[in-house]
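Heads up: the structure comes next, in structure tokens.
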Amino acid sequence: MSNTLSDKKLFAQKLALGGYFALTVILIINIIWLIPSRHFPTAMVLLIIVGPLLFLMRGLLDARVYTYQWASFLALAYFAHGISEITAYPEMRFGGILETVASIIMYTGTIMYAGYFKKERKTLKQQSED
């Protein structure tokens, strides 16, 4: 196993986790303090928007590649949500920008991690055959 490949995988994991936790905190702050919903209860909005992220936490912390692959899809949904906040609501622009940036970081980290994991697995398989 290549030491640089292992280092790259660790960097990708840290990047994905940083984006994940940043996105979670940004969403909670937006929903509770910055722009609370006028039409729906705060708890319901938190459950709907932040809830899906909570399902990923254990798998991301345990470095399960399958969870990283699914997290990349979910990051795209939060990217779309951030873009919609930027364009639709001028008062939510700053929060939308932060959400979009955090989702891009999370997406980049999860995709990189999954790719490096597959390369590492392929390398180990080739070494075991030799």
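Scheme for the structure tokens: letters A, B, ... for chains in order shown; per-chain residue numbers from 1; ligand numbers from 1 in order shown.
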Long-range neighbours of Thr67 of chain A as a PDB file with C-alpha atoms, in the first residue's frame, 10 Å cut-off, only C-alpha atoms, 4 positions minimum in chain:
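What ended up in part_17.pdb:
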ATOM      1  CA  PHE A  55     -28.085   9.427   9.483  1.00  0.00           C
ATOM      2  CA  LEU A  56     -24.651   9.760   7.884  1.00  0.00           C
ATOM      3  CA  MET A  57     -22.688  10.608  11.008  1.00  0.00           C
ATOM      4  CA  ARG A  58     -21.800   7.127  12.238  1.00  0.00           C
ATOM      5  CA  GLY A  59     -20.802   5.837   8.817  1.00  0.00           C
ATOM      6  CA  LEU A  60     -18.659   8.878   8.087  1.00  0.00           C
ATOM      7  CA  LEU A  61     -16.910   8.693  11.454  1.00  0.00           C
ATOM      8  CA  ASP A  62     -16.332   4.935  11.023  1.00  0.00           C
ATOM      9  CA  ALA A  63     -14.945   5.559   7.498  1.00  0.00           C
ATOM     10  CA  ALA A  71     -23.082  11.240   1.356  1.00  0.00           C
ATOM     11  CA  SER A  72     -21.849  12.567  -1.983  1.00  0.00           C
ATOM     12  CA  THR A 110     -16.587  12.212  -0.153  1.00  0.00           C
ATOM     13  CA  ALA A 114     -14.371   6.843  -2.329  1.00  0.00           C
TER      14      ALA A 114
END
Checklist entry - If we count only C-alpha atoms, what is near Lys9 of chain A at a cut-off of 6 Å, once residues fewer than 2 positions away on the same chain are taken out, given as a PyMOL selection string? => result chain A and resi 6-7+11-12+113+116
So that each row is one residue of segment 2-77 of chain A with an atom at most 7 Å from segment 90-99 of chain A, can you give its shortest atom pair and the distance in Å to one decimal, using only C-alpha atoms, rows by chain and rising number, as JSON lines?
{"residue": "A:Leu23", "atom": "CA", "partner": "A:Glu99", "partner_atom": "CA", "distance": 5.9}
{"residue": "A:Ile26", "atom": "CA", "partner": "A:Glu99", "partner_atom": "CA", "distance": 6.5}
{"residue": "A:Asn30", "atom": "CA", "partner": "A:Gly95", "partner_atom": "CA", "distance": 6.4}
Checklist entry - Interatomic distance between atom CA of Gly115 of chain A and atom CA of Phe73 of chain A? => result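 Here the two named atoms are 14.6 Å from each other.
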Checklist entry - Which residue, A:Leu17, A:Leu5, A:Leu27, A:Leu46, has the smallest gap to Glu85 of chain A when you use only C-alpha atoms? => result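 Nearest to Glu85 of chain A: A:Leu27.
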Item to check | Of the listed residues A:Ser84, A:Thr24, A:Gln13, A:Thr4, that which approaches Ser103 of chain A most closely, counting only C-alpha atoms | outcome: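 Ranked by minimum distance to Ser103 of chain A, first place goes to A:Thr24.
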Checklist entry - In Å, how far is it from atom CA of Lys8 of chain A to atom CA of Thr100 of chain A? => result 23.9 Å
